[in-house]
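Below: the structure, in structure tokens.
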Amino acid sequence: MDLGVKGRTALVAASSRGLGRACAEALAAEGADVFINGTGKESLDATVAEMRARYPNVKIDGVQADITTQEGRANVLAACPKPDILVNNNAGPEPKMFLETTHEDWMKALEGNMVAALMLTHAVLPHMQERKFGRVVNITSAMVTTPRAHQALSSGARTGLTGVMKGLSRDFAKYNVTFNNLLPERFDTGRQKQLAERIMKLKGWTREEARADQVSQIPAGRYGQPSEFGATCAFLCSVHAGFITGMNIHLDGGAYPALI
């Protein structure tokens with residue numbers, strides 16, 4: 001299937017690794033020009049070089065910037081002011097029980113996992129509206145619909161983002177601009193390794209025991225692969241997905257327990 005994004009421009013936040021990179025790779029494979037973003041120069045440069053070699057027929061650029069700051073967002077938007085596709089992403093907050101959280105923790109979580117995405121969207125939306133095409137995909141978390149006590153920072157900030165995006169989806173559908181959210185859980189990325197290390201410390205387990213425990217919670221019996229996530233993102237950015245907007249899409253191997 002031709003997704004119809006060849007020649008389009010995509011800005012993918014926090015995409016030098018993990019699920020962000022998987023989305024960037026999938027879009028580049030479909031012929032989109034992609035702007036990669038990351039805070040670490042070494043990993044960003046490596047990702048850009050690898051993707052340029054892999055996808056020689058598209059334009060791959062890197063922007064080193066921290067999107068949680070106004071200066072960082074300004075730098076990203078200076079490099080890519082009018083993307084057709086915006087994939088909002090950022091590292092999730094450190095897991096903490098609610099009574100362990102501080103005011104500083106909440107401000108950091110809101111800035112990183114709500115405000116940054118809203119401000120990037122705010123900046124690029126008028127151009128999408130004008131050209132009658134736009135795709136905004138937010139990488140959020142399963143914690144939006146299945147909150148857990150130790151992930152209060154994540155569920156709080158990302159649920160706020162989800163609420164704003166739902167309202168926008170209704171207002172901008174007539175301009176062929178869509179807003180959708182991908183809710184990952186248990187993909188084999190650095191985030192799962194971080195969570196496994198937390199369990200290792202809490203329970204005195206080995207890494208193998210911690211990862212086996214994670215897998216046991218997935219009905220599919222395995223971790224998700226980043227490429228599977230990226231493919232779903234690319235489809236939501238395609239010309240075929242113009243009638244899908246305001247949705248929360250779980251990618252979790254069957255872990256989401258509810259009917260709707």
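Residues are referred to by chain and number: the chain letter is A, B, ... according to the order shown in the structure tokens, the number counts from 1 in that chain, and ligands are numbered separately from 1 in the order shown.
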(message) Could you list, as a VMD selection string, every residue within 10 Å of A:Val239, counting only C-alpha atoms and ignoring same-chain residues fewer than 5 positions away?
(response) chain A and resid 2 to 5 133 to 135 176
Could you save the residues just selected, with N, CA and C atoms, as a PDB file, in the first residue's frame?
ATOM      1  N   ASP A   2       0.603   2.148  -0.913  1.00  0.00           N
ATOM      2  CA  ASP A   2       1.295   3.432  -0.957  1.00  0.00           C
ATOM      3  C   ASP A   2       0.599   4.367   0.030  1.00  0.00           C
ATOM      4  N   LEU A   3       1.331   4.829   1.035  1.00  0.00           N
ATOM      5  CA  LEU A   3       0.721   5.663   2.071  1.00  0.00           C
ATOM      6  C   LEU A   3       0.518   7.109   1.645  1.00  0.00           C
ATOM      7  N   GLY A   4       1.080   7.485   0.494  1.00  0.00           N
ATOM      8  CA  GLY A   4       0.851   8.829  -0.014  1.00  0.00           C
ATOM      9  C   GLY A   4       1.569   9.928   0.743  1.00  0.00           C
ATOM     10  N   VAL A   5       2.683   9.593   1.399  1.00  0.00           N
ATOM     11  CA  VAL A   5       3.440  10.617   2.127  1.00  0.00           C
ATOM     12  C   VAL A   5       4.766  10.949   1.442  1.00  0.00           C
ATOM     13  N   PHE A 133      -3.913  19.839   4.777  1.00  0.00           N
ATOM     14  CA  PHE A 133      -3.352  18.525   5.100  1.00  0.00           C
ATOM     15  C   PHE A 133      -2.481  18.659   6.338  1.00  0.00           C
ATOM     16  N   GLY A 134      -2.705  17.775   7.276  1.00  0.00           N
ATOM     17  CA  GLY A 134      -1.855  17.748   8.456  1.00  0.00           C
ATOM     18  C   GLY A 134      -2.111  16.488   9.257  1.00  0.00           C
ATOM     19  N   ARG A 135      -1.053  15.935   9.795  1.00  0.00           N
ATOM     20  CA  ARG A 135      -1.172  14.766  10.656  1.00  0.00           C
ATOM     21  C   ARG A 135      -0.370  15.022  11.941  1.00  0.00           C
ATOM     22  N   ASN A 176      -8.838  18.559   6.981  1.00  0.00           N
ATOM     23  CA  ASN A 176      -8.025  17.370   6.724  1.00  0.00           C
ATOM     24  C   ASN A 176      -6.776  17.354   7.598  1.00  0.00           C
TER      25      ASN A 176
END
So that I can see what lies close to stretch 207-214 of chain A, please list as a PDB file with C-alpha atoms, in the first residue's frame the residues with an atom at most 10 Å from it, counting only C-alpha atoms and leaving out residues fewer than 5 positions away in the same chain.
ATOM      1  CA  ARG A 186       6.009  -3.096  26.809  1.00  0.00           C
ATOM      2  CA  ASP A 188      11.545  -3.567  23.697  1.00  0.00           C
ATOM      3  CA  GLN A 192      11.539  -1.105  29.399  1.00  0.00           C
ATOM      4  CA  LYS A 193      15.133  -1.662  30.432  1.00  0.00           C
ATOM      5  CA  LEU A 195      11.609  -0.088  34.301  1.00  0.00           C
ATOM      6  CA  ALA A 196      13.230  -3.511  34.626  1.00  0.00           C
ATOM      7  CA  GLU A 197      16.116  -1.959  36.555  1.00  0.00           C
ATOM      8  CA  ARG A 198      13.607  -0.365  38.924  1.00  0.00           C
ATOM      9  CA  ILE A 199      12.055  -3.782  39.624  1.00  0.00           C
ATOM     10  CA  MET A 200      15.511  -5.296  40.089  1.00  0.00           C
ATOM     11  CA  LYS A 201      16.253  -2.796  42.845  1.00  0.00           C
ATOM     12  CA  GLY A 221       3.834 -13.433  25.294  1.00  0.00           C
ATOM     13  CA  ARG A 222       6.534 -11.136  23.939  1.00  0.00           C
ATOM     14  CA  TYR A 223       7.703  -7.548  23.836  1.00  0.00           C
TER      15      TYR A 223
END
(message) Measuring between only C-alpha atoms, which one of A:His103, A:His250, A:Arg148, A:Lys96 shows the shortest distance to A:Glu185?
(response)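 Of A:His103, A:His250, A:Arg148, A:Lys96, the one nearest A:Glu185 is A:His250, counting only C-alpha atoms.
Atom pair atom CA of A:Met128 / atom CA of A:Val48 has a distance of 25.6 Å (rounded to one decimal).
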(request) Mind listing the helix (DSSP H, G or I) residues of stretch 62-134 of chain A, per DSSP on the backbone, as an MDAnalysis selection string? (result) chainID A and resid 70:79 98:100 103:131
Could you write out that same residue set with C-alpha atoms as a CSV table (one decimal), in the first residue's frame?
chain,number,residue,atom,x,y,z
A,70,GLN,CA,11.3,27.4,24.7
A,71,GLU,CA,14.7,27.8,23.2
A,72,GLY,CA,14.8,24.2,22.1
A,73,ARG,CA,11.4,24.3,20.5
A,74,ALA,CA,12.4,27.5,18.7
A,75,ASN,CA,15.5,25.8,17.3
A,76,VAL,CA,13.5,22.8,16.1
A,77,LEU,CA,10.9,25.0,14.4
A,78,ALA,CA,13.5,27.2,12.8
A,79,ALA,CA,14.8,24.1,11.1
A,98,PHE,CA,2.2,9.9,44.3
A,99,LEU,CA,3.4,10.7,47.9
A,100,GLU,CA,7.0,10.7,46.6
A,103,HIS,CA,6.1,20.2,42.9
A,104,GLU,CA,9.3,20.2,40.8
A,105,ASP,CA,8.5,16.7,39.5
A,106,TRP,CA,5.0,17.8,38.4
A,107,MET,CA,6.3,20.9,36.6
A,108,LYS,CA,8.9,18.8,34.8
A,109,ALA,CA,6.3,16.2,33.8
A,110,LEU,CA,3.9,18.8,32.5
A,111,GLU,CA,6.5,20.7,30.6
A,112,GLY,CA,8.0,17.5,29.1
A,113,ASN,CA,4.9,15.4,28.3
A,114,MET,CA,2.1,18.0,27.8
A,115,VAL,CA,3.3,21.6,27.2
A,116,ALA,CA,6.1,20.7,24.8
A,117,ALA,CA,3.7,18.9,22.5
A,118,LEU,CA,1.1,21.6,22.7
A,119,MET,CA,3.5,24.3,21.8
A,120,LEU,CA,4.9,22.5,18.8
A,121,THR,CA,1.4,21.8,17.7
A,122,HIS,CA,0.4,25.4,18.2
A,123,ALA,CA,3.3,26.5,16.0
A,124,VAL,CA,2.7,24.2,13.0
A,125,LEU,CA,-1.1,24.0,13.0
A,126,PRO,CA,-1.9,27.2,11.0
A,127,HIS,CA,0.3,25.9,8.1
A,128,MET,CA,-1.5,22.5,8.1
A,129,GLN,CA,-4.8,24.2,8.2
A,130,GLU,CA,-3.9,26.5,5.2
A,131,ARG,CA,-2.7,23.6,3.0
Long-range neighbours of A:Asn89 as a CSV table (one decimal) with N, CA and C atoms, in the first residue's frame, 10 Å cut-off, only C-alpha atoms, 4 positions minimum in chain:
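Okay, this is what ended up in around.csv:
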chain,number,residue,atom,x,y,z
A,12,VAL,N,9.8,14.8,13.7
A,12,VAL,CA,9.5,13.7,14.8
A,12,VAL,C,10.4,14.1,16.0
A,13,ALA,N,9.7,14.5,17.1
A,13,ALA,CA,10.4,14.9,18.3
A,13,ALA,C,11.0,13.7,19.0
A,14,ALA,N,12.1,13.9,19.7
A,14,ALA,CA,12.8,12.9,20.5
A,14,ALA,C,12.9,11.6,19.7
A,15,SER,N,13.6,11.7,18.5
A,15,SER,CA,13.6,10.6,17.6
A,15,SER,C,14.9,10.0,17.3
A,19,LEU,N,11.1,4.6,20.3
A,19,LEU,CA,9.9,4.6,19.5
A,19,LEU,C,9.8,5.8,18.6
A,20,GLY,N,10.4,6.9,19.0
A,20,GLY,CA,10.5,8.1,18.1
A,20,GLY,C,11.3,7.8,16.9
A,37,ASN,N,15.1,14.7,15.9
A,37,ASN,CA,15.4,15.6,17.0
A,37,ASN,C,15.9,14.7,18.2
A,67,ILE,N,13.3,19.9,23.5
A,67,ILE,CA,12.0,20.4,23.2
A,67,ILE,C,11.2,20.8,24.5
A,112,GLY,N,7.4,18.5,30.0
A,112,GLY,CA,8.0,17.5,29.1
A,112,GLY,C,6.9,16.7,28.3
A,113,ASN,N,5.8,16.4,28.9
A,113,ASN,CA,4.9,15.4,28.3
A,113,ASN,C,3.5,16.0,28.1
A,114,MET,N,3.4,17.3,28.2
A,114,MET,CA,2.1,18.0,27.8
A,114,MET,C,2.4,19.3,27.1
A,116,ALA,N,5.2,20.8,25.9
A,116,ALA,CA,6.1,20.7,24.8
A,116,ALA,C,5.3,20.3,23.5
A,117,ALA,N,4.5,19.3,23.6
A,117,ALA,CA,3.7,18.9,22.5
A,117,ALA,C,2.7,19.9,22.1
A,137,VAL,N,0.5,13.1,15.4
A,137,VAL,CA,0.5,11.9,16.2
A,137,VAL,C,1.2,12.1,17.5
A,138,ASN,N,0.6,11.8,18.6
A,138,ASN,CA,1.2,11.9,19.9
A,138,ASN,C,1.5,10.6,20.4
A,139,ILE,N,2.8,10.4,20.8
A,139,ILE,CA,3.2,9.1,21.5
A,139,ILE,C,3.0,9.4,23.0
A,140,THR,N,1.9,8.8,23.5
A,140,THR,CA,1.6,9.0,24.9
A,140,THR,C,2.0,7.7,25.7
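With only C-alpha atoms as the basis for measurement, A:Met97 is the residue among A:Leu86, A:Ala173, A:Met97, A:Val58 that approaches A:Ala152 most closely.
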(message) Please compute the atom CA of A:Gln225-atom CA of A:Asp61 distance, one decimal, in Å.
(response)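 Atom CA of A:Gln225 sits 24.6 Å away from atom CA of A:Asp61.
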(request) Mind giving me the straight-line distance from atom CA of A:Leu11 to atom CA of A:Asp45 in Å, one decimal? (result)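 It comes out at 16.2 Å.
Selecting strand (DSSP E) from the backbone DSSP output for stretch 56-237 of chain A yields Ile60, Asp61, Gly62, Val63, Gln64, Ile85, Leu86, Val87, Asn88, Gly134, Arg135, Val136, Val137, Asn138, Ile139, Val177, Thr178, Phe179, Asn180, Asn181, Leu182, Leu183 and Pro184 of chain A.
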(message) I'd like the neighbourhood of A:Met143 as a ChimeraX atom specification, where a residue qualifies if any of its atoms comes within 12 Å (using only C-alpha atoms), though same-chain residues fewer than 2 positions away should be ignored.
(response) /A:92-93,95,139-141,145-160,162,182-186,248,250,252,255-256
Leaving out stretch 228-230 of chain A and any residue of its chain fewer than 2 positions from it, which residues lie within 8 Å of it when counting only C-alpha atoms, given as a PDB file with N, CA and C atoms, in the first residue's frame?
ATOM      1  N   LEU A  19      11.083   4.574  20.319  1.00  0.00           N
ATOM      2  CA  LEU A  19       9.870   4.595  19.508  1.00  0.00           C
ATOM      3  C   LEU A  19       9.826   5.800  18.577  1.00  0.00           C
ATOM      4  N   GLY A  20      10.416   6.912  18.993  1.00  0.00           N
ATOM      5  CA  GLY A  20      10.491   8.073  18.113  1.00  0.00           C
ATOM      6  C   GLY A  20      11.286   7.756  16.862  1.00  0.00           C
ATOM      7  N   ALA A  22      11.730   4.811  15.591  1.00  0.00           N
ATOM      8  CA  ALA A  22      10.960   3.843  14.809  1.00  0.00           C
ATOM      9  C   ALA A  22       9.948   4.556  13.924  1.00  0.00           C
ATOM     10  N   CYS A  23       9.332   5.601  14.437  1.00  0.00           N
ATOM     11  CA  CYS A  23       8.373   6.371  13.637  1.00  0.00           C
ATOM     12  C   CYS A  23       9.084   7.105  12.506  1.00  0.00           C
ATOM     13  N   ALA A  24      10.226   7.697  12.825  1.00  0.00           N
ATOM     14  CA  ALA A  24      11.003   8.406  11.807  1.00  0.00           C
ATOM     15  C   ALA A  24      11.440   7.454  10.695  1.00  0.00           C
ATOM     16  N   GLU A  25      11.880   6.260  11.072  1.00  0.00           N
ATOM     17  CA  GLU A  25      12.316   5.263  10.081  1.00  0.00           C
ATOM     18  C   GLU A  25      11.157   4.850   9.173  1.00  0.00           C
ATOM     19  N   ALA A  26       9.997   4.624   9.765  1.00  0.00           N
ATOM     20  CA  ALA A  26       8.852   4.174   8.974  1.00  0.00           C
ATOM     21  C   ALA A  26       8.408   5.254   7.989  1.00  0.00           C
ATOM     22  N   LEU A  27       8.446   6.501   8.398  1.00  0.00           N
ATOM     23  CA  LEU A  27       8.057   7.596   7.505  1.00  0.00           C
ATOM     24  C   LEU A  27       9.082   7.784   6.384  1.00  0.00           C
ATOM     25  N   PRO A 184       1.656   3.165  23.817  1.00  0.00           N
ATOM     26  CA  PRO A 184       2.480   1.958  23.872  1.00  0.00           C
ATOM     27  C   PRO A 184       2.596   1.395  25.280  1.00  0.00           C
ATOM     28  N   GLY A 224       6.730  -5.914  22.334  1.00  0.00           N
ATOM     29  CA  GLY A 224       6.474  -5.341  21.024  1.00  0.00           C
ATOM     30  C   GLY A 224       7.781  -4.893  20.389  1.00  0.00           C
ATOM     31  N   GLN A 225       7.844  -4.935  19.070  1.00  0.00           N
ATOM     32  CA  GLN A 225       9.026  -4.472  18.354  1.00  0.00           C
ATOM     33  C   GLN A 225       8.817  -3.032  17.890  1.00  0.00           C
ATOM     34  N   PRO A 226       9.822  -2.173  18.038  1.00  0.00           N
ATOM     35  CA  PRO A 226       9.664  -0.779  17.615  1.00  0.00           C
ATOM     36  C   PRO A 226       9.178  -0.629  16.181  1.00  0.00           C
ATOM     37  N   THR A 232       2.542   1.577  12.505  1.00  0.00           N
ATOM     38  CA  THR A 232       1.228   2.106  12.869  1.00  0.00           C
ATOM     39  C   THR A 232       1.226   3.624  12.787  1.00  0.00           C
ATOM     40  N   CYS A 233       2.289   4.236  13.258  1.00  0.00           N
ATOM     41  CA  CYS A 233       2.409   5.698  13.178  1.00  0.00           C
ATOM     42  C   CYS A 233       2.364   6.155  11.729  1.00  0.00           C
ATOM     43  N   ALA A 234       3.117   5.479  10.856  1.00  0.00           N
ATOM     44  CA  ALA A 234       3.166   5.871   9.444  1.00  0.00           C
ATOM     45  C   ALA A 234       1.794   5.777   8.800  1.00  0.00           C
ATOM     46  N   LEU A 251      -1.179  -0.045  21.654  1.00  0.00           N
ATOM     47  CA  LEU A 251      -0.253  -1.007  21.068  1.00  0.00           C
ATOM     48  C   LEU A 251       0.416  -1.709  22.239  1.00  0.00           C
TER      49      LEU A 251
END
(message) Env of A:Gly7: 10 Å cut, atoms = only C-alpha atoms, seq-sep filter 2 positions within chain, self excluded. Answer as an MDAnalysis selection string.
(response) chainID A and resid 4:5 9:10 28 30:34 58:59 84
Mind writing the picked residues with C-alpha atoms as an mmCIF file, in the first residue's frame?
data_model
loop_
_atom_site.group_PDB
_atom_site.id
_atom_site.type_symbol
_atom_site.label_atom_id
_atom_site.label_comp_id
_atom_site.auth_asym_id
_atom_site.auth_seq_id
_atom_site.Cartn_x
_atom_site.Cartn_y
_atom_site.Cartn_z
ATOM 1 C CA GLY A 4 0.851 8.829 -0.014
ATOM 2 C CA VAL A 5 3.440 10.617 2.127
ATOM 3 C CA THR A 9 7.891 16.700 5.476
ATOM 4 C CA ALA A 10 7.787 15.101 8.921
ATOM 5 C CA ALA A 28 11.402 7.795 5.713
ATOM 6 C CA GLU A 30 7.585 5.677 2.765
ATOM 7 C CA GLY A 31 9.406 8.561 1.085
ATOM 8 C CA ALA A 32 8.850 11.381 3.576
ATOM 9 C CA ASP A 33 11.618 13.874 4.334
ATOM 10 C CA VAL A 34 12.291 13.607 8.055
ATOM 11 C CA VAL A 58 14.811 11.236 1.060
ATOM 12 C CA LYS A 59 16.117 14.177 3.032
ATOM 13 C CA ASP A 84 3.042 18.215 7.025
#
